[in-house]
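Just input.cif here, mmCIF, C-alpha atoms and all ligand atoms:
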data_start
#
loop_
_atom_site.label_atom_id
_atom_site.label_comp_id
_atom_site.auth_asym_id
_atom_site.auth_seq_id
_atom_site.Cartn_x
_atom_site.Cartn_y
_atom_site.Cartn_z
CA MET A 1 79.46 104.03 87.33
CA VAL A 2 81.90 101.59 85.78
CA LYS A 3 81.58 98.04 87.10
CA PRO A 4 84.89 96.95 88.62
CA ARG A 5 86.85 94.38 86.68
CA GLY A 6 88.08 91.59 88.91
CA GLY A 7 86.43 92.94 92.08
CA SER A 8 82.98 92.81 93.64
CA THR A 9 80.72 95.88 93.61
CA LYS A 10 80.17 95.49 97.37
CA ARG A 11 82.04 97.62 99.83
CA THR A 12 84.24 95.50 102.07
CA ARG A 13 84.61 96.03 105.79
CA ALA A 14 87.32 98.43 106.87
CA PHE A 15 90.36 97.22 108.81
CA GLU A 16 90.08 97.31 112.58
CA PRO A 17 92.25 99.51 114.82
CA GLY A 18 95.63 97.82 115.39
CA TYR A 19 95.77 96.28 111.89
CA ARG A 20 99.23 96.64 110.32
CA LEU A 21 98.86 98.01 106.80
CA ASP A 22 102.60 97.50 106.27
CA SER A 23 105.80 97.50 108.33
CA ASP A 24 105.36 101.25 108.98
CA LEU A 25 101.63 101.94 109.33
CA THR A 26 99.21 100.75 112.02
CA VAL A 27 95.51 101.59 111.74
CA VAL A 28 94.18 103.81 114.51
CA GLU A 29 90.72 104.38 113.02
CA HIS A 30 88.77 104.45 109.79
CA LEU A 31 88.27 108.08 108.72
CA GLY A 32 86.05 107.63 105.68
CA GLY A 33 86.01 106.61 102.09
CA SER A 34 83.76 105.64 99.26
CA ARG A 35 82.87 102.38 97.51
CA LYS A 36 86.43 101.79 96.29
CA VAL A 37 88.73 103.56 98.72
CA ASP A 38 89.27 103.71 102.45
CA VAL A 39 91.05 106.44 104.35
CA TYR A 40 92.57 105.49 107.70
CA LEU A 41 94.11 107.43 110.52
CA CYS A 42 97.40 105.57 111.06
CA ARG A 43 100.41 105.77 113.29
CA SER A 44 103.61 105.90 111.25
CA LYS A 45 106.62 104.36 112.99
CA ARG A 46 109.00 105.96 110.52
CA LEU A 47 107.55 109.49 110.66
CA LYS A 48 106.74 109.19 114.39
CA ARG A 49 103.38 110.87 113.87
CA LEU A 50 99.77 110.30 112.96
CA VAL A 51 99.07 110.29 109.23
CA ALA A 52 96.10 109.69 106.95
CA CYS A 53 96.44 106.80 104.52
CA LYS A 54 94.26 106.42 101.44
CA THR A 55 94.14 102.92 100.05
CA LEU A 56 91.88 100.67 98.02
CA GLY A 57 89.14 98.63 99.67
CA ARG A 58 90.08 94.92 99.76
CA SER A 59 87.72 93.87 96.97
CA TYR A 60 89.42 96.34 94.60
CA TRP A 61 93.01 95.16 95.07
CA THR A 62 92.87 93.39 91.73
CA ASP A 63 90.83 96.03 89.89
CA PHE A 64 93.22 97.61 87.44
CA SER A 65 91.26 100.84 86.89
CA ALA A 66 90.89 101.40 90.65
CA LEU A 67 94.62 100.73 91.18
CA GLU A 68 95.47 103.13 88.43
CA ALA A 69 93.22 105.83 89.94
CA VAL A 70 94.95 105.70 93.35
CA MET A 71 98.36 105.70 91.65
CA ARG A 72 97.40 108.71 89.54
CA GLU A 73 96.14 110.61 92.59
CA GLY A 74 99.33 109.78 94.50
CA GLN A 75 101.53 111.00 91.67
CA ILE A 76 99.58 114.25 91.51
CA LEU A 77 99.73 114.85 95.26
CA ARG A 78 103.49 114.27 95.31
CA ARG A 79 103.89 117.36 93.11
CA LEU A 80 101.90 119.70 95.34
CA ASN A 81 103.04 121.82 98.25
CA HIS A 82 100.74 124.60 99.40
CA PRO A 83 99.34 125.58 102.82
CA ASN A 84 95.74 125.05 101.65
CA VAL A 85 96.32 121.75 99.85
CA VAL A 86 96.74 118.41 101.61
CA LYS A 87 100.37 117.24 101.70
CA ALA A 88 101.49 113.78 100.69
CA PHE A 89 104.41 112.38 102.69
CA ARG A 90 104.85 109.18 100.76
CA VAL A 91 103.21 107.34 97.93
CA GLU A 92 103.59 103.56 97.69
CA LEU A 93 102.99 102.44 94.16
CA GLN A 94 103.94 98.78 94.64
CA ASP A 95 101.36 96.06 95.41
CA ASN A 96 98.32 97.75 96.92
CA PRO A 97 99.04 101.46 96.35
CA ARG A 98 98.80 103.76 99.35
CA ILE A 99 98.93 107.51 99.70
CA VAL A 100 100.36 108.58 103.05
CA MET A 101 99.24 112.13 103.75
CA GLU A 102 99.13 114.75 106.42
CA HIS A 103 96.24 113.99 108.79
CA LEU A 104 93.84 116.92 108.45
CA THR A 105 92.08 117.66 111.72
CA GLY A 106 88.73 119.43 111.97
CA GLN A 107 85.63 118.65 109.97
CA THR A 108 84.92 118.50 106.29
CA LEU A 109 82.48 121.16 105.09
CA GLY A 110 80.39 118.18 103.97
CA THR A 111 80.01 117.09 107.59
CA THR A 112 79.02 120.63 108.48
CA PHE A 113 76.42 120.55 105.71
CA PHE A 114 75.02 117.14 106.57
CA GLU A 115 74.63 118.18 110.17
CA GLY A 116 72.65 121.19 108.92
CA ASN A 117 74.97 123.47 110.80
CA TYR A 118 75.12 126.13 108.09
CA ALA A 119 74.91 128.96 110.58
CA ALA A 120 78.39 127.97 111.82
CA PHE A 121 79.87 130.46 109.37
CA GLU A 122 79.50 134.24 109.37
CA VAL A 123 79.75 135.92 105.97
CA GLY A 124 83.27 137.15 106.82
CA ASP A 125 84.36 133.57 107.66
CA VAL A 126 82.85 132.30 104.41
CA VAL A 127 84.72 134.92 102.37
CA ASN A 128 87.96 134.08 104.15
CA LEU A 129 87.51 130.33 103.69
CA VAL A 130 86.57 130.61 100.02
CA GLY A 131 89.51 132.98 99.46
CA GLN A 132 91.88 130.31 100.83
CA LEU A 133 90.39 127.76 98.45
CA ALA A 134 90.82 130.19 95.55
CA ASP A 135 94.52 130.45 96.50
CA ALA A 136 94.74 126.65 96.63
CA LEU A 137 93.17 126.33 93.18
CA SER A 138 95.40 129.05 91.68
CA TYR A 139 98.40 127.07 92.91
CA VAL A 140 97.02 123.77 91.59
CA HIS A 141 96.37 125.39 88.20
CA GLY A 142 99.91 126.78 88.23
CA GLN A 143 101.11 123.16 88.48
CA GLY A 144 99.25 122.35 85.26
CA LEU A 145 96.30 120.62 86.92
CA LEU A 146 92.54 121.03 87.32
CA HIS A 147 90.88 119.68 90.48
CA LEU A 148 87.40 119.20 88.97
CA ASP A 149 85.71 118.07 92.19
CA VAL A 150 85.57 121.12 94.46
CA LYS A 151 82.75 120.41 96.94
CA PRO A 152 82.11 120.52 100.69
CA SER A 153 83.16 116.92 101.41
CA ASN A 154 86.54 117.57 99.77
CA VAL A 155 87.41 120.54 101.99
CA MET A 156 88.60 120.21 105.58
CA TYR A 157 88.08 123.17 107.87
CA ASP A 158 89.84 123.62 111.17
CA ASP A 159 90.34 126.73 113.24
CA GLY A 160 90.20 129.13 110.30
CA ARG A 161 92.24 126.98 107.87
CA ALA A 162 90.58 125.48 104.81
CA THR A 163 92.38 122.62 103.07
CA LEU A 164 91.52 121.15 99.70
CA PHE A 165 91.98 117.40 99.33
CA ASP A 166 90.72 114.46 97.24
CA PHE A 167 92.48 114.78 93.90
CA SER A 168 90.87 111.57 92.63
CA VAL A 169 89.19 113.37 89.72
CA ALA A 170 92.04 115.85 89.02
CA GLU A 171 93.50 115.99 85.53
CA GLU A 172 96.44 117.50 83.73
CA TYR A 173 95.14 120.60 82.00
CA SER A 174 95.73 120.90 78.32
CA PRO A 175 93.33 122.94 76.18
CA ALA A 176 93.74 120.52 73.29
CA HIS A 177 92.76 117.40 75.24
CA PRO A 178 89.24 116.28 76.15
CA LEU A 179 88.45 115.22 79.73
CA ARG A 180 89.72 111.76 80.70
CA ASP A 181 86.33 110.78 82.11
CA SER A 182 83.03 112.18 83.26
CA SER A 183 83.67 111.89 87.01
CA GLY A 184 82.78 114.75 89.29
CA THR A 185 79.77 115.70 91.40
CA ALA A 186 76.65 116.88 89.56
CA GLU A 187 75.71 119.61 92.06
CA TYR A 188 79.06 121.37 91.62
CA MET A 189 79.71 120.73 87.93
CA ALA A 190 79.93 123.48 85.34
CA PRO A 191 78.10 122.85 82.05
CA GLU A 192 81.38 122.37 80.17
CA GLN A 193 82.38 119.56 82.57
CA THR A 194 78.92 117.99 82.43
CA HIS A 195 79.10 118.00 78.64
CA ARG A 196 82.85 117.16 78.59
CA ARG A 197 83.96 120.00 76.39
CA HIS A 198 86.46 122.86 76.73
CA VAL A 199 87.04 122.72 80.46
CA GLY A 200 89.56 125.12 81.92
CA TYR A 201 90.50 127.07 85.03
CA ALA A 202 87.01 128.59 85.07
CA THR A 203 85.56 125.08 85.51
CA ASP A 204 87.03 124.92 89.03
CA VAL A 205 85.75 128.48 89.63
CA PHE A 206 82.21 127.15 89.08
CA GLY A 207 82.59 124.38 91.70
CA LEU A 208 84.04 126.88 94.16
CA GLY A 209 81.23 129.30 93.24
CA VAL A 210 78.52 126.73 94.08
CA LEU A 211 80.27 125.99 97.37
CA PHE A 212 80.45 129.77 98.07
CA TYR A 213 76.76 130.26 97.19
CA ARG A 214 75.68 127.42 99.48
CA LEU A 215 77.75 128.67 102.41
CA LEU A 216 76.30 132.18 101.99
CA THR A 217 72.70 130.99 101.75
CA GLY A 218 72.57 128.25 104.38
CA GLY A 219 72.81 125.40 101.91
CA VAL A 220 70.63 126.52 98.99
CA LEU A 221 71.65 124.91 95.70
CA PRO A 222 71.75 127.67 93.03
CA TYR A 223 70.52 125.40 90.22
CA PRO A 224 68.10 122.51 90.80
CA LEU A 225 69.14 118.96 89.93
CA ALA A 226 67.31 117.37 87.03
CA ALA A 227 67.34 113.83 85.65
CA ALA A 228 69.59 113.60 82.60
CA GLY A 229 68.70 110.13 81.35
CA ARG A 230 71.08 107.20 81.49
CA ASN A 231 73.24 105.41 79.07
CA GLY A 232 72.96 101.65 78.58
CA THR A 233 75.54 100.58 81.18
CA GLU A 234 74.30 102.72 84.07
CA ARG A 235 72.05 101.30 86.77
CA ARG A 236 70.79 104.66 88.04
CA PRO A 237 69.79 107.64 85.90
CA ARG A 238 72.35 110.41 85.85
CA ARG A 239 71.48 113.78 87.27
CA ARG A 240 72.76 117.15 86.26
CA LEU A 241 72.08 120.75 87.15
CA ASP A 242 69.32 122.57 85.32
CA TYR A 243 71.35 125.59 84.20
CA SER A 244 68.30 127.25 82.63
CA HIS A 245 66.98 128.11 86.09
CA ALA A 246 68.04 131.64 87.16
CA PRO A 247 69.49 131.53 90.70
CA ARG A 248 68.39 134.07 93.28
CA PRO A 249 71.16 136.41 94.42
CA PRO A 250 72.43 135.21 97.82
CA SER A 251 71.70 138.67 99.29
CA GLU A 252 67.96 138.00 98.74
CA ILE A 253 68.20 134.80 100.76
CA ASN A 254 70.55 135.99 103.49
CA PRO A 255 70.33 139.72 104.34
CA ALA A 256 73.81 139.60 105.95
CA VAL A 257 75.29 139.18 102.45
CA SER A 258 76.14 142.48 100.74
CA ALA A 259 75.13 143.10 97.13
CA ALA A 260 78.85 143.26 96.21
CA VAL A 261 79.63 139.83 97.71
CA ALA A 262 76.46 138.39 96.16
CA SER A 263 77.46 139.58 92.70
CA VAL A 264 80.86 137.86 93.02
CA ALA A 265 79.09 134.58 93.86
CA MET A 266 76.69 135.05 90.93
CA ARG A 267 79.51 135.62 88.45
CA ALA A 268 81.38 132.56 89.72
CA ILE A 269 78.37 130.34 88.93
CA GLU A 270 77.64 131.77 85.48
CA PRO A 271 76.78 128.80 83.22
CA ASP A 272 78.36 130.65 80.29
CA ILE A 273 82.11 130.19 80.75
CA GLN A 274 82.79 133.46 78.89
CA ARG A 275 80.86 135.39 81.54
CA ARG A 276 82.43 133.62 84.52
CA TYR A 277 85.73 134.61 86.17
CA ASP A 278 88.51 133.21 84.01
CA ASN A 279 90.42 131.79 86.94
CA PRO A 280 90.47 131.63 90.77
CA SER A 281 92.87 134.61 91.04
CA ASP A 282 90.39 136.92 89.30
CA PHE A 283 87.65 135.51 91.52
CA LYS A 284 89.75 136.16 94.64
CA LEU A 285 90.56 139.73 93.53
CA ALA A 286 86.86 140.45 93.06
CA LEU A 287 86.15 138.92 96.46
CA VAL A 288 88.71 141.14 98.18
CA GLU A 289 87.35 144.17 96.31
CA SER A 290 83.79 143.34 97.39
CA GLN A 291 84.95 143.28 101.02
CA ARG A 292 86.75 146.58 100.60
CA SER A 293 83.65 148.20 99.13
CA ALA A 294 81.62 146.92 102.08
CA GLY A 295 84.16 148.58 104.40
CA ILE A 296 85.34 145.25 105.88
CA LEU A 297 88.86 145.51 104.47
CA ARG A 298 90.83 148.70 104.14
N1 LIG A 301 94.25 113.77 104.73
C1 LIG A 301 93.10 113.49 105.37
N2 LIG A 301 92.98 113.76 106.70
C2 LIG A 301 91.83 113.47 107.37
N3 LIG A 301 90.73 112.89 106.80
C3 LIG A 301 90.81 112.58 105.48
C4 LIG A 301 91.97 112.87 104.70
N4 LIG A 301 91.75 112.46 103.43
C5 LIG A 301 90.51 111.95 103.43
N5 LIG A 301 89.93 112.01 104.64
C6 LIG A 301 88.57 111.53 105.03
O1 LIG A 301 88.21 110.47 104.18
C7 LIG A 301 87.05 110.81 103.40
C8 LIG A 301 87.19 110.25 101.98
O2 LIG A 301 88.34 110.78 101.36
P1 LIG A 301 88.34 111.25 99.85
O3 LIG A 301 87.35 112.36 99.69
O4 LIG A 301 89.74 111.54 99.47
O5 LIG A 301 87.84 109.94 99.11
P2 LIG A 301 86.61 109.69 98.16
O6 LIG A 301 86.74 108.34 97.63
O7 LIG A 301 86.45 110.77 97.22
O8 LIG A 301 85.39 109.74 99.11
P3 LIG A 301 84.09 110.67 98.96
O9 LIG A 301 83.29 110.09 97.86
O10 LIG A 301 83.47 110.56 100.34
O11 LIG A 301 84.54 112.07 98.64
C9 LIG A 301 86.96 112.31 103.47
O12 LIG A 301 85.64 112.77 103.31
C10 LIG A 301 87.53 112.61 104.83
O13 LIG A 301 86.54 112.45 105.83
MG MG A 302 86.00 112.93 98.24
#
Could you express the structure from this file as structure tokens?
Amino acid sequence: MVKPRGGSTKRTRAFEPGYRLDSDLTVVEHLGGSRKVDVYLCRSKRLKRLVACKTLGRSYWTDFSALEAVMREGQILRRLNHPNVVKAFRVELQDNPRIVMEHLTGQTLGTTFFEGNYAAFEVGDVVNLVGQLADALSYVHGQGLLHLDVKPSNVMYDDGRATLFDFSVAEEYSPAHPLRDSSGTAEYMAPEQTHRRHVGYATDVFGLGVLFYRLLTGGVLPYPLAAAGRNGTERRPRRRLDYSHAPRPPSEINPAVSAAVASVAMRAIEPDIQRRYDNPSDFKLALVESQRSAGILR
């Protein structure tokens, strides 16, 4: 983790309800966030509705790299418009940058996971949800971007609708260019992202594949996490997946999963990019086909 320039490493307290973020936005509640960013539920006077606002924590207001990251995410979100991708209404790039977005109701899949409520999803629901995320990723890729951080806490689920958000790690995709940085989440990272080489559309398929596998199996991680050493500036050792471990097919762990659905999940998490689905559309096609063969779709 890079130490912030000009800011403290401590997380500052979130603003209280009623705090005016600017002349338009009043904080209703703190929705979440990480060390550097806070996301608030706000009332927008101008839009006459509730919105979510992502902004930097107070101690990062003068941290150039953190400012740049929120600005970059805002600029990316402004380009996107898809039913399964969070919508940005407004992006303020002046002073303390803010991304004003649609307020996604429901729960993140991360919350579902942390509460251990894996059984909340039937196999059919999982296939439907993951299919929506494949559509979202196909669209994102069509806009020239990779998400690179597909994981449960970046997906909101409400009443059958899955929405992908958190584009803080997203990058413009260009085969000739190396990755901007090594951000991402170890448990969901394909080997090519871990090793920062030749990422592509299939890299997002891997993250979605791990998410799919975990939803099918009640939370089992297909590859175990292993320590990967640390470089001189890091306080904690890095961890990465041990790709040499052969995952069990999800149908062996959960008998409700058909062999056809299990083989789609297994191909999505292939460590060898050549053997993985090339892109989320191919993954989705195989998913639909696996349902058809199981007699669920006609
Ligand atoms: N548009 C939204 N509507 C509702 N809640 C949101 C929205 N965007 C973010 N959140 C909430 O804020 C949390 C943090 O947002 P986000 O994932 O974008 O930031 P982050 O810095 O990556 O945090 P994390 O490390 O927890 O993923 C989310 O897990 C979610 O609970
Ligand atoms: Mg996130």
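Considering only C-alpha atoms, the residue among A:Ser258, A:Thr105, A:Ser23, A:Ser244 positioned nearest to A:Asp158 is A:Thr105.
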task: One decimal, Å: what's the distance from atom CA of A:Gln94 over to atom CA of A:Lys48, could you say?
output: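 Separation of atom CA of A:Gln94 and atom CA of A:Lys48: 22.5 Å.
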query: So, counting all atoms listed in the file, which residue among A:Ser263, A:Ser138, A:Thr26, A:Ser59 is closest to A:Leu80?
result: A:Ser138
field: Environment of ligand LIG 301 (chain A) within 10 Å, counting only C-alpha atoms and all ligand atoms, reported as number ranges by chain
entry: A: 30-41, 50-56, 70, 73, 85-88, 99-111, 149, 151-156, 163-169, 184-185
Minimum-distance residue to A:Ala170, chosen among A:Leu25, A:Leu221, A:Leu77, A:Val205 (using only C-alpha atoms):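 Of all the options, A:Leu77 lies closest to A:Ala170.
Using all atoms listed in the file, the smallest distance between any of A:Leu129, A:Leu148, A:Ala260, A:Leu208 and ligand MG 302 (chain A) comes from A:Leu148.
Picture a line from atom CA of A:Val27 to atom CA of A:Ala14; it runs 10.0 Å.
Between atom CA of A:His245 and atom CA of A:Tyr223 lies a distance of 6.1 Å.
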- request: Between A:Val126, A:Leu146, A:Leu241, A:Ala66, single out the one closest to A:Arg214, counting all atoms listed in the file.
  value: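 For A:Arg214, the nearest of the given residues is A:Val126.
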- prompt: Hey, which of A:Pro17, A:Val150, A:Phe113, A:Glu92 ends up closest to ligand MG 302 (chain A)? Count only C-alpha atoms and all ligand atoms.
  reply: A:Val150
task: Write out as an MDAnalysis selection string the residues lying within 10 Å of A:Glu252, counting only C-alpha atoms and excluding same-chain residues fewer than 5 positions away.
output: chainID A and resid 217 257:259 262
field: Nearby residues (all atoms listed in the file) at most 7 Å from A:Val210, same-chain spacing under 2 positions excluded, as a ChimeraX atom specification
entry: /A:188,206-208,212-214,222,269
task: Compile the contact shell of A:Leu67 as a ChimeraX atom specification: residues with an atom at most 8 Å away, counting only C-alpha atoms, same-chain residues fewer than 6 positions apart removed.
output: /A:56,60-61,96-97
message: Give me, as an NGL selection string, all polymer residues having an atom no more than 8 Å from A:Thr203, counting all atoms listed in the file and skipping those fewer than 3 positions away in the same chain.
response: :A and (148 or 189-190 or 192-193 or 199-200 or 206-207 or 273)
